[in-house]
4 protein chains.
Amino acid sequence: MRSPLPDYLTEVLEACVDDSGALADYIPELAKADPDRFALTLVTAEGAIYSVGDDDTEFTIQSVSKPFVYGLALQERGFDQVLDVIDVEPSGEAFNEVSLERNTGRPLNPMINAGALAAHALVLHGRRPEEAVESIRSLLSSLAGRDLVIDEKVATSELGTAYRNVALANLLRGYEVFEDDPDEIVEGYIRQCSVTVTTKDLALMAATLAAGGVQPVSGEQIFSRDVVRQVLSVMTTCGMYDAAGDWLSTVGIPAKSGVSGGIIGILPGQLGIAAYSPRLDEHGTSVQGVAAFGRLSRDMNLHLMDAPIVAHSVVRRKRVWGEGDDAVTVLELQGDLQFTSAEVLVRAVVDEPPATKRLAFDLSLVRAILPVGRRMLLEMIGRLHRDGLEVVVVDPDGHLPEPDTGYGFRPRVYASQDEMEARS
Amino acid sequence: MRSPLPDYLTEVLEACVDDSGALADYIPELAKADPDRFALTLVTAEGAIYSVGDDDTEFTIQSVSKPFVYGLALQERGFDQVLDVIDVEPSGEAFNEVSLERNTGRPLNPMINAGALAAHALVLHGRRPEEAVESIRSLLSSLAGRDLVIDEKVATSELGTAYRNVALANLLRGYEVFEDDPDEIVEGYIRQCSVTVTTKDLALMAATLAAGGVQPVSGEQIFSRDVVRQVLSVMTTCGMYDAAGDWLSTVGIPAKSGVSGGIIGILPGQLGIAAYSPRLDEHGTSVQGVAAFGRLSRDMNLHLMDAPIVAHSVVRRKRVWGEGDDAVTVLELQGDLQFTSAEVLVRAVVDEPPATKRLAFDLSLVRAILPVGRRMLLEMIGRLHRDGLEVVVVDPDGHLPEPDTGYGFRPRVYASQDEMEARS
Amino acid sequence: MRSPLPDYLTEVLEACVDDSGALADYIPELAKADPDRFALTLVTAEGAIYSVGDDDTEFTIQSVSKPFVYGLALQERGFDQVLDVIDVEPSGEAFNEVSLERNTGRPLNPMINAGALAAHALVLHGRRPEEAVESIRSLLSSLAGRDLVIDEKVATSELGTAYRNVALANLLRGYEVFEDDPDEIVEGYIRQCSVTVTTKDLALMAATLAAGGVQPVSGEQIFSRDVVRQVLSVMTTCGMYDAAGDWLSTVGIPAKSGVSGGIIGILPGQLGIAAYSPRLDEHGTSVQGVAAFGRLSRDMNLHLMDAPIVAHSVVRRKRVWGEGDDAVTVLELQGDLQFTSAEVLVRAVVDEPPATKRLAFDLSLVRAILPVGRRMLLEMIGRLHRDGLEVVVVDPDGHLPEPDTGYGFRPRVYASQDEMEARS
Amino acid sequence: MRSPLPDYLTEVLEACVDDSGALADYIPELAKADPDRFALTLVTAEGAIYSVGDDDTEFTIQSVSKPFVYGLALQERGFDQVLDVIDVEPSGEAFNEVSLERNTGRPLNPMINAGALAAHALVLHGRRPEEAVESIRSLLSSLAGRDLVIDEKVATSELGTAYRNVALANLLRGYEVFEDDPDEIVEGYIRQCSVTVTTKDLALMAATLAAGGVQPVSGEQIFSRDVVRQVLSVMTTCGMYDAAGDWLSTVGIPAKSGVSGGIIGILPGQLGIAAYSPRLDEHGTSVQGVAAFGRLSRDMNLHLMDAPIVAHSVVRRKRVWGEGDDAVTVLELQGDLQFTSAEVLVRAVVDEPPATKRLAFDLSLVRAILPVGRRMLLEMIGRLHRDGLEVVVVDPDGHLPEPDTGYGFRPRVYASQDEMEARS
C-alpha cells in the first residue's frame, strides 16, 4: 500500500489553485519568480516527511527567518535582555506606522520588521557583521538539515530599495534600542532574508519547533524548550500581521509568512507545515499558501484549540505477580508523563489502591517525563511508602535518575521486570 | 494514599499570598468583599475536581461571563452573524478609548466591554430582556452543574454607576451595531455579570471548554466543537486585555479575568482552572490569581505551546492469530484517532505491511475518532483491499458507522475479536 | 448711489450655487429643510449689515452655538475651571473616535461634541436644567439682538436618536468630567442646538466677537475681551473639525459650522459673516456655505494673515501754535492707540523732538487706547517732563483718566485745544 | 528723550530670568552654549528695531529655518506641488511617532521634521545638493539683511547622531514623497539648520513675514503675499508642536522655536519678534523665550485675536472747493484701503451723498490699496458716474493705474489737487 497522505496533499494543492494576487514588486529580483509554482510539505514531530508540488523550487526565506533569528537571540542573549529590547504584543490594526512602543521605541514584537531588525542587532552585537550573518545561515542550515546558501543577487536587489528598513533601523538606533551601526544591521538583516530554501527546508525548520526544539531527522536539540515556547507564543499572537485574531480563530496554527511566498505553520507536538506560492494578497501573504493552510486545518482538524482529550491511557496495563506477601502489583505506564497523564495515574492509584504489599511502576514504555510528571510520580511513591507499601521502579531508559522522594526514601530501580523478580 | 494534588495546590496558594492590590471600588457593592479570600480549583477534562482555599466563597462572575455568552451567541445566531457584529482582533495597547473598528463601530473583540455588550445584544434580540438574562443564567448553571442565582444587590449597585457601559451601548446603537434599546442591553449585561459563582463553578465551566464543549460531570454537550474552538481562540488573543502577548508567552493558558477577582484558564483537552482573590492590579485583574496561574503554569508545564509529542502509541498491540490463509493480523488501536495518530498508524502499516492475507483493525480501546481519523482509516482500508487484503473492523462502540471506503468496498464490522473469529 | 456691496454679495451667492451635498438625515426633522435655500449676511464691527438671499429663513443653530456657550462658561466659571475640564487642542485627523484626552477623559476642545457637552454641563452646574437652557437662549438672543425661540419639534426629533451624544455624556460622566446627570445634559444640549436663527442673527453674533464682545447694534458688552480672545483662538485651531489647517490656510477666517447648514466666520476687529445652505459635504458642513466663505476670503482679502500694515497714521497732524517760550507743539493723534501705533508715535517724538518748550498730545480723534498704549503714552510724557518739557493732554473723551506718569508728574488735562490755549 | 521701548524690553528680560530647563544635549556641539545668554529683539513692519540682552550672540538657526524654507519651496515650486507633498494639519497630541498621513506617507505639516525634510527635498530637486544649501543660505541672508554663514562644526556634530532624521528621510523616500537620495537630503537639511544667526537676524526675518514679504529695511519683496499668508497660517496651527491650541490661546502670536534656543513670532502687519536663550523645556523650546513671549503678549496686547477695530478713519477729511456747478467735494483718504476701510468709505458716500456735481477721491495719503479696495473704489466711481456725478481721482503714487470702472467710464487722474483745479 502506498500512503494516502501524498495523494491527499496533492488534492489540497489542486483544490487551492488560484491565480489571483501578484508577485512582490518592491524587490526587483522577487518579481522574476515563476508565479505558478506551488508546493506543500508536512513534517511530523517524529520526522516523517510528506511533500507535493514544486517542493524543490528554491526561493528566499524573507520574513520566515524572523521566528528563528528571534529564537537565536533568545538562546544567545537570554530572555531578559531580549524582552528588554523587543516586546511581545500584537501590533493591532497597524494604527501606528512603525509599531514602536511610545517613549521607548521598543518594537512591539519580533515578527514585524522593527522587531526583526532588533533581533538581528542582538545577534550581531559583539560580532563582525559577516560573522552574524554566518551564524544565522548556519542555524537555518541546521534546522533544514542541509547547507543553505545566500542569494546575493536578491540581497543586492533589495538593499537598493530598502528605504523603510533603513528608516526603521535608524529610528531604533535613535531610541538607543541598539548601539551598533544601523547600516550594518540593515545589510545583515537583508542577507538573512536572502537565505535560499525549499518548502522541505521550511517544513523541517517548522517541525523542529513542533518537536520542542529537536530537529526530527538529525535529533539535534537546536533550541531549548523555553525558547521554543516563547517563539511559538509570539507566532500565535503576532505571526500573521494585523489579522492575528482572524488567523488564529479560523486556521488555528501558529504561523509566519514571507514576501517571497513562503508560509510556515507549527502544530506543537505534532507537525511542521510549509507552503510556497509567490502570488501575494494585499497583506503580502501567499494567496495559495493561505488557502492551503485553511484547507489543511479544516480537513485535518489541525486547529490548536481542537485538542483531543489526552492522557487517559497512561496506565497501559495493571498486573499482579506472585502471591501472599511476595505478590507485587505492576503498573505498566506509557506515553508522556505530563501533568494530565500524571493526574490520571494518581487518580488510578488513589481510587483503586493496590491489594498487594509491593508495588512497581514500570516505565519501559514511557517516552518522556516532564518535570511535573517526575515530581508527581516521586511524591506519590513517597506517600505510598509512608503508607507502608514497598515501592520500586522499573526504568531501563533512566527516566528517573537517582530518584529521591523527599520522604527519606529512595525507591530501588530495576532495568526490567525480570531483573526485579530475580532480585526480590 | 491521599492524592498529593490538593497538598500541592495548597502550597501554591500559600506561595502566592500577596496583600498588594486593591478591591474594585467603582462598583460600591464589590468594595465590600473580604480582601483575604483566596481559592483555586482545577477540573480535568474527565471531570476530576481538585479544589483548595475559600472555594465556597461566592462572588459575582463579572467579565468571566464574556466567553460563555459569546459562545451562546455563536451557538444561537451562527458564526456569520456574530462575526459581522463583533471582530476577533486584539485591542492592542488600548490606544483607542473605546476599541471600536473605525467607520463601522464594530467592537474589536468580544472580551472587551463593547464586544460583550454586542454579544448580549445578539442573545437578547427577539426576546424579552428578562428572557435573555434567564437564558444566560440557565446556560451558566448548566456549565457549573448547579442552579446559579443573580445577586440583584450587586446588579443594582453597578447600574447606578454604569456610565461607561451606557456610553458604549449608545455608541454601538449609534453605529447600528444592534437595533435594540441600549438601556435594556446595559441592564441585561449587568445582570449577566451579577450571576454568583464559586471557583468550583468557574473551573467546571472552564473544563467544559477544555473538554470540547462537554460538561465533564453531566456529560452534556453544551457547546459544539466549532463554538469551543472559536471561544478559545478569542480568549487566547484577547482574553487578558492589552497584555495578550505577555500572558500567552509567560503563562500560556487561554484565560479571562473579572473585576470581582475571578480568573479562568483552559488547557484544551486537559484542564479547566479557576482562581479567586478580590485584590486587583492596575489592569483590574486579581493579583493573587495571576500569581497562582503563573506558578501553576511553570510548575506543572501547562503552557499551551509546551505540547508533548503526541500519538506515538496509537497501535497498542499487533498480534497474529491463526495460520496459513486463515491467519489474521490484528492491530489493536487506542486513544484518539486524529491526524497525527492516524499518520503514525498509516506509517506503521506502510512500513511493516501485514504478512497475512487478513487484517483486522480493533477499535475497542479507541476513545474518539475525529473526522480526519475516519477519513484516513477508511482510505487505508480501501487501498489495502485494492492491494488484495481482506480487511475487517472490530468496533463495539460504533466509531465507524456504516463504513464505506469509497473504493466500492465496505468492510465487515464485528463487535469483538471473538465474534470475528467465530464468524470467519 | 446704492451701495455696491449687496450686489457683490448677490454675485457671490450666484457664483456659489452647487446642488451637490445632501441634507443631514440623522435628525429626521432636519431632513425636511428646503435644500435650495441659500443666504449670506455680513455685519461689520461697527454694525453695518449687508444681507442677501434667503436671509429670513429660520433654521436651528446646532453646533454654531458651541463657541457662544463656551464663552458663557468662561464668563460664568472663569478660565481656570473651564480649562480644567476642556482642553483647547485640535483633534487632529479624528484618529480617536471620541477625542478625549487619555486617562483624564478631558475633551480635546469645546468645538467637538464632547467638549460642547462639557461646556453645557459647566453652565448647567448648580442650576435647574431648564434654567441653564434659558440662560443660553437668553445669551443667544442678546447676541442676535432679538428674542430667539427653541424649535421643540427639532429638539424632540433629535433626542430620539441622540445615541452618540448620550454615549459621550456618559463617558464624560464616567471620567468625572462633570457630576451632573448625563441625560439632563444631553437634553439641555440638544435644546441649546435647537434655538432657531437666521443668517442675520448669526452674523450679528459673529460681529459681536469681531467687535471685542460688544454687540455692534445694541452696544452691549456681552463678552469680556479675554473671553472673546479665547473663543476666537479656539475657533481658529479647532473650529472646522479635522481640517483646521486647511481651512485656516485657504480661507483664513476663524469659523464654526453646524449640521443644519449654518456657518459663521469672524475677522477680528472687522467683520462677522454668516452663511446658510442646508446641503452638507462629507464633513457635515454646508457645501454652498464653504464655497461662499472661500470666495469672500479671496475676493475681499479677508484672510486673517493678510493684515494690512497698521498704525502708520497715528499722528494725524503736528502743529505749532504761538511763539517763543509760549509756543506749543500739538500732536493730534487718531485711531486706536495699541502697541504698534504707540511705537510709531514714540518714534516720531524721538526722531523729531519738538522745537518748543511746550508739548500737547490731543486725543480728541482717538477712538480707543489699549492698556499698552496708555502705558507707553504716560511713560513718554514722564520722560519728556524729565527732559524739561511742559507736557499737557487734550482729552475730551477721558481716555486717560487721572493720568500719572510714575515720574512724580501728572500732566494737566484739557477738554479742547481752545481750553488749553485759554488757560495757559 | 530716549525711547522707553528698550527699557521696557530690558524689564521683560529681567522679569523672565529663570534657570530651569537644560541645554539640548543630543547634538554635542549645542551642549557647549553659554546657558545664561538671553536676548530679545523686536522689529516693526516698518523696520524700527528694538533689541536688548545678548543680541550679538550667534547660535544656529535650527528649526526656525523651517517656515522660511517652506516659503522658498512654495515660491519656487508653486502651491499645488508643495501641498501635494506636505499637508498643513496640526500633528495633534503627537500620537503618531512619525506624523505621516496614513497610506500616503505625506508629512502632516512643514513645521515637523518630516515636513521640513520634504520641503528641503523640494528645494533640492533638480539642483546639486550644495546649490540647494546655498540657495537657502542666500535666502536667509536676504531676510536677515546680512551675509549669514553655516557653522560646519555644528553640522558635522549633528550629522553624527542624526538617526531620527535619516529614518524620516528614508521613510519618506520609501513612500515616494520625493525621489532624491535620502542621505543628501538629511545632510542638506542639517546644514540648513546650522546657519548662524542672532536675535536681530531672526527678528528681521520675522518682520519680513509681518510686512507681507517685504524686508522692512532693504524694501526687497522676498516672498509674495500668498506665500506669506500660507507660511503664517501653518505657523499658527502647527508652529508650536503639540500645544498649538494652548500657545495660540494664551500667547496668540504665530511662532516657531528651535532646539538651539531661538524663537520667532510674527504679528501680521505689525511686528517680528525674536528671543534667544538656550535652556529648553521638555518640549525642546526655550524656557526664557516662552516666558518673554507670554509677557510681551500680555503687556503689549499683541494677541492675534485682540485686533483693534480698524478702518474707521479712512476718510481723513472731506472738503468742498469752489461754488455752483464748479464746486467739487474732495474726499481725502488715508491708510490702507482693504475691505473694511472701503466699506466705511462706501457707507460714508451712501449715507451723506456729495452736495456738489463734482467729486474727487484724493489718494495722496493712502499707503496701500488691496485688490478688494481697488474693486470697491472703482465700482463706486462707476455707480456715481451713472448717477450723473463727475468723478476724478488724485493719485500721485499711482495706486490706481489706468482706472476702468467697467461702466464704460474711466475717471481722470491728477497728480495733485492743485493740478486738478488748474486743469478743470
# chains A, B, ... in the order shown; residues from 1 in each chain; ligands from 1
>>> interface_residues(of="chain D", to="chain A", cutoff="7 Å", atoms="only C-alpha atoms", output="PyMOL selection string")
chain D and resi 96+163-164+166-168+170-171+173-174
>>> write_last_selection(atoms="N, CA, C and O atoms", output="JSON list (two decimals), in the first residue's frame")
[["chain", "number", "residue", "atom", "x", "y", "z"],
["D", 96, "ASN", "N", 1.22, 59.85, 16.84],
["D", 96, "ASN", "CA", 1.85, 59.07, 15.80],
["D", 96, "ASN", "C", 3.33, 59.42, 15.80],
["D", 96, "ASN", "O", 3.70, 60.55, 15.52],
["D", 163, "TYR", "N", 20.17, 60.04, 13.55],
["D", 163, "TYR", "CA", 19.45, 58.80, 13.22],
["D", 163, "TYR", "C", 17.99, 59.05, 12.90],
["D", 163, "TYR", "O", 17.43, 58.48, 11.98],
["D", 164, "ARG", "N", 17.37, 59.89, 13.70],
["D", 164, "ARG", "CA", 15.94, 60.11, 13.51],
["D", 164, "ARG", "C", 15.64, 60.79, 12.17],
["D", 164, "ARG", "O", 14.71, 60.41, 11.47],
["D", 166, "VAL", "N", 17.61, 60.66, 9.52],
["D", 166, "VAL", "CA", 17.89, 59.65, 8.48],
["D", 166, "VAL", "C", 16.69, 58.71, 8.36],
["D", 166, "VAL", "O", 16.25, 58.36, 7.25],
["D", 167, "ALA", "N", 16.13, 58.33, 9.49],
["D", 167, "ALA", "CA", 14.95, 57.45, 9.48],
["D", 167, "ALA", "C", 13.81, 58.11, 8.73],
["D", 167, "ALA", "O", 13.19, 57.51, 7.83],
["D", 168, "LEU", "N", 13.51, 59.35, 9.08],
["D", 168, "LEU", "CA", 12.38, 60.04, 8.44],
["D", 168, "LEU", "C", 12.61, 60.18, 6.94],
["D", 168, "LEU", "O", 11.70, 59.93, 6.14],
["D", 170, "ASN", "N", 14.36, 58.36, 4.98],
["D", 170, "ASN", "CA", 14.20, 57.07, 4.31],
["D", 170, "ASN", "C", 12.73, 56.64, 4.26],
["D", 170, "ASN", "O", 12.29, 56.06, 3.27],
["D", 171, "LEU", "N", 11.99, 56.91, 5.34],
["D", 171, "LEU", "CA", 10.55, 56.59, 5.31],
["D", 171, "LEU", "C", 9.89, 57.36, 4.17],
["D", 171, "LEU", "O", 9.11, 56.80, 3.38],
["D", 173, "ARG", "N", 11.26, 58.63, 1.51],
["D", 173, "ARG", "CA", 11.72, 58.10, 0.23],
["D", 173, "ARG", "C", 11.00, 56.80, -0.09],
["D", 173, "ARG", "O", 10.60, 56.55, -1.24],
["D", 174, "GLY", "N", 10.78, 55.97, 0.95],
["D", 174, "GLY", "CA", 10.06, 54.71, 0.75],
["D", 174, "GLY", "C", 8.63, 54.95, 0.28],
["D", 174, "GLY", "O", 8.08, 54.18, -0.51]]
>>> select_by_dssp(residues="stretch 326-421 of chain A", states="strand (DSSP E or B)", output="PyMOL selection string")
chain A and resi 328-337+358-369+390-394+412-414
>>> write_last_selection(atoms="N, CA, C and O atoms", output="compact mmCIF listing (two decimals), in the first residue's frame")
# COMPACT_ATOMS: atom_id res chain seq x y z
N VAL A 328 3.25 -8.75 43.91
CA VAL A 328 3.58 -7.39 43.51
C VAL A 328 2.59 -6.92 42.45
O VAL A 328 2.26 -7.67 41.51
N THR A 329 2.08 -5.68 42.65
CA THR A 329 1.23 -5.09 41.61
C THR A 329 2.15 -4.29 40.69
O THR A 329 2.93 -3.47 41.16
N VAL A 330 2.06 -4.58 39.39
CA VAL A 330 2.88 -3.85 38.44
C VAL A 330 1.99 -2.93 37.60
O VAL A 330 1.03 -3.39 36.98
N LEU A 331 2.30 -1.59 37.63
CA LEU A 331 1.57 -0.64 36.76
C LEU A 331 2.50 -0.31 35.60
O LEU A 331 3.55 0.31 35.78
N GLU A 332 2.13 -0.80 34.40
CA GLU A 332 2.94 -0.51 33.22
C GLU A 332 2.46 0.81 32.60
O GLU A 332 1.35 0.90 32.11
N LEU A 333 3.32 1.80 32.65
CA LEU A 333 2.94 3.13 32.17
C LEU A 333 3.38 3.30 30.71
O LEU A 333 4.28 2.60 30.24
N GLN A 334 2.78 4.24 30.03
CA GLN A 334 3.17 4.50 28.64
C GLN A 334 2.95 5.99 28.32
O GLN A 334 2.33 6.71 29.08
N GLY A 335 3.48 6.41 27.17
CA GLY A 335 3.26 7.79 26.70
C GLY A 335 4.14 8.79 27.43
O GLY A 335 5.20 8.47 27.95
N ASP A 336 3.69 10.02 27.40
CA ASP A 336 4.41 11.09 28.08
C ASP A 336 3.82 11.30 29.45
O ASP A 336 2.60 11.34 29.60
N LEU A 337 4.64 11.46 30.44
CA LEU A 337 4.13 11.74 31.77
C LEU A 337 4.19 13.25 32.00
O LEU A 337 5.21 13.80 32.40
N ARG A 358 3.51 -4.99 47.76
CA ARG A 358 4.57 -4.46 46.89
C ARG A 358 3.95 -3.84 45.64
O ARG A 358 2.96 -4.34 45.11
N LEU A 359 4.57 -2.77 45.19
CA LEU A 359 4.04 -2.06 44.02
C LEU A 359 5.20 -1.65 43.13
O LEU A 359 6.22 -1.13 43.61
N ALA A 360 5.08 -1.90 41.81
CA ALA A 360 6.14 -1.50 40.87
C ALA A 360 5.55 -0.60 39.80
O ALA A 360 4.47 -0.89 39.27
N PHE A 361 6.25 0.52 39.53
CA PHE A 361 5.91 1.35 38.37
C PHE A 361 6.87 0.99 37.25
O PHE A 361 8.08 1.20 37.39
N ASP A 362 6.36 0.47 36.15
CA ASP A 362 7.22 0.07 35.03
C ASP A 362 7.21 1.17 33.98
O ASP A 362 6.19 1.41 33.33
N LEU A 363 8.34 1.82 33.79
CA LEU A 363 8.43 2.96 32.87
C LEU A 363 8.99 2.56 31.50
O LEU A 363 9.32 3.43 30.69
N SER A 364 9.09 1.26 31.23
CA SER A 364 9.73 0.79 29.99
C SER A 364 9.11 1.41 28.74
O SER A 364 9.81 1.69 27.76
N LEU A 365 7.81 1.60 28.75
CA LEU A 365 7.15 2.10 27.54
C LEU A 365 6.89 3.62 27.59
O LEU A 365 6.22 4.18 26.72
N VAL A 366 7.40 4.24 28.63
CA VAL A 366 7.23 5.70 28.73
C VAL A 366 8.18 6.38 27.74
O VAL A 366 9.32 5.95 27.57
N ARG A 367 7.67 7.44 27.05
CA ARG A 367 8.51 8.11 26.06
C ARG A 367 9.26 9.29 26.69
O ARG A 367 10.41 9.54 26.37
N ALA A 368 8.56 10.03 27.50
CA ALA A 368 9.20 11.20 28.10
C ALA A 368 8.51 11.53 29.40
O ALA A 368 7.31 11.26 29.58
N ILE A 369 9.25 12.09 30.35
CA ILE A 369 8.66 12.55 31.61
C ILE A 369 9.00 14.02 31.77
O ILE A 369 10.17 14.39 31.83
N GLU A 390 5.86 -1.23 49.79
CA GLU A 390 7.22 -1.33 49.27
C GLU A 390 7.15 -0.99 47.79
O GLU A 390 6.55 -1.74 47.02
N VAL A 391 7.72 0.14 47.42
CA VAL A 391 7.57 0.62 46.04
C VAL A 391 8.90 0.55 45.31
O VAL A 391 9.93 0.97 45.83
N VAL A 392 8.89 0.02 44.08
CA VAL A 392 10.09 0.00 43.24
C VAL A 392 9.75 0.54 41.86
O VAL A 392 8.58 0.71 41.52
N VAL A 393 10.81 0.77 41.09
CA VAL A 393 10.63 1.35 39.77
C VAL A 393 11.39 0.49 38.75
O VAL A 393 12.53 0.09 39.01
N VAL A 394 10.76 0.23 37.62
CA VAL A 394 11.44 -0.42 36.50
C VAL A 394 11.69 0.67 35.45
O VAL A 394 10.73 1.24 34.92
N ARG A 412 14.12 1.56 44.94
CA ARG A 412 15.05 0.79 44.12
C ARG A 412 14.64 0.89 42.66
O ARG A 412 13.45 0.97 42.34
N VAL A 413 15.64 0.82 41.79
CA VAL A 413 15.36 0.93 40.36
C VAL A 413 15.90 -0.32 39.65
O VAL A 413 17.05 -0.73 39.88
N TYR A 414 15.06 -0.93 38.80
CA TYR A 414 15.47 -2.12 38.04
C TYR A 414 15.43 -1.80 36.56
O TYR A 414 14.71 -0.91 36.11
>>> select_by_dssp(residues="stretch 119-171 of chain D", states="alpha helix (DSSP H)", output="ChimeraX atom specification")
/D:119-124,129-144,152-159,163-171
>>> atom_distance(atom1="atom CA of A:Gly272", atom2="atom CA of A:Asp87")
25.4 Å
>>> closest_residue(among="C:Met420, C:Ala31, C:Leu377, C:Val290", to="C:Pro396", atoms="only C-alpha atoms")
C:Met420
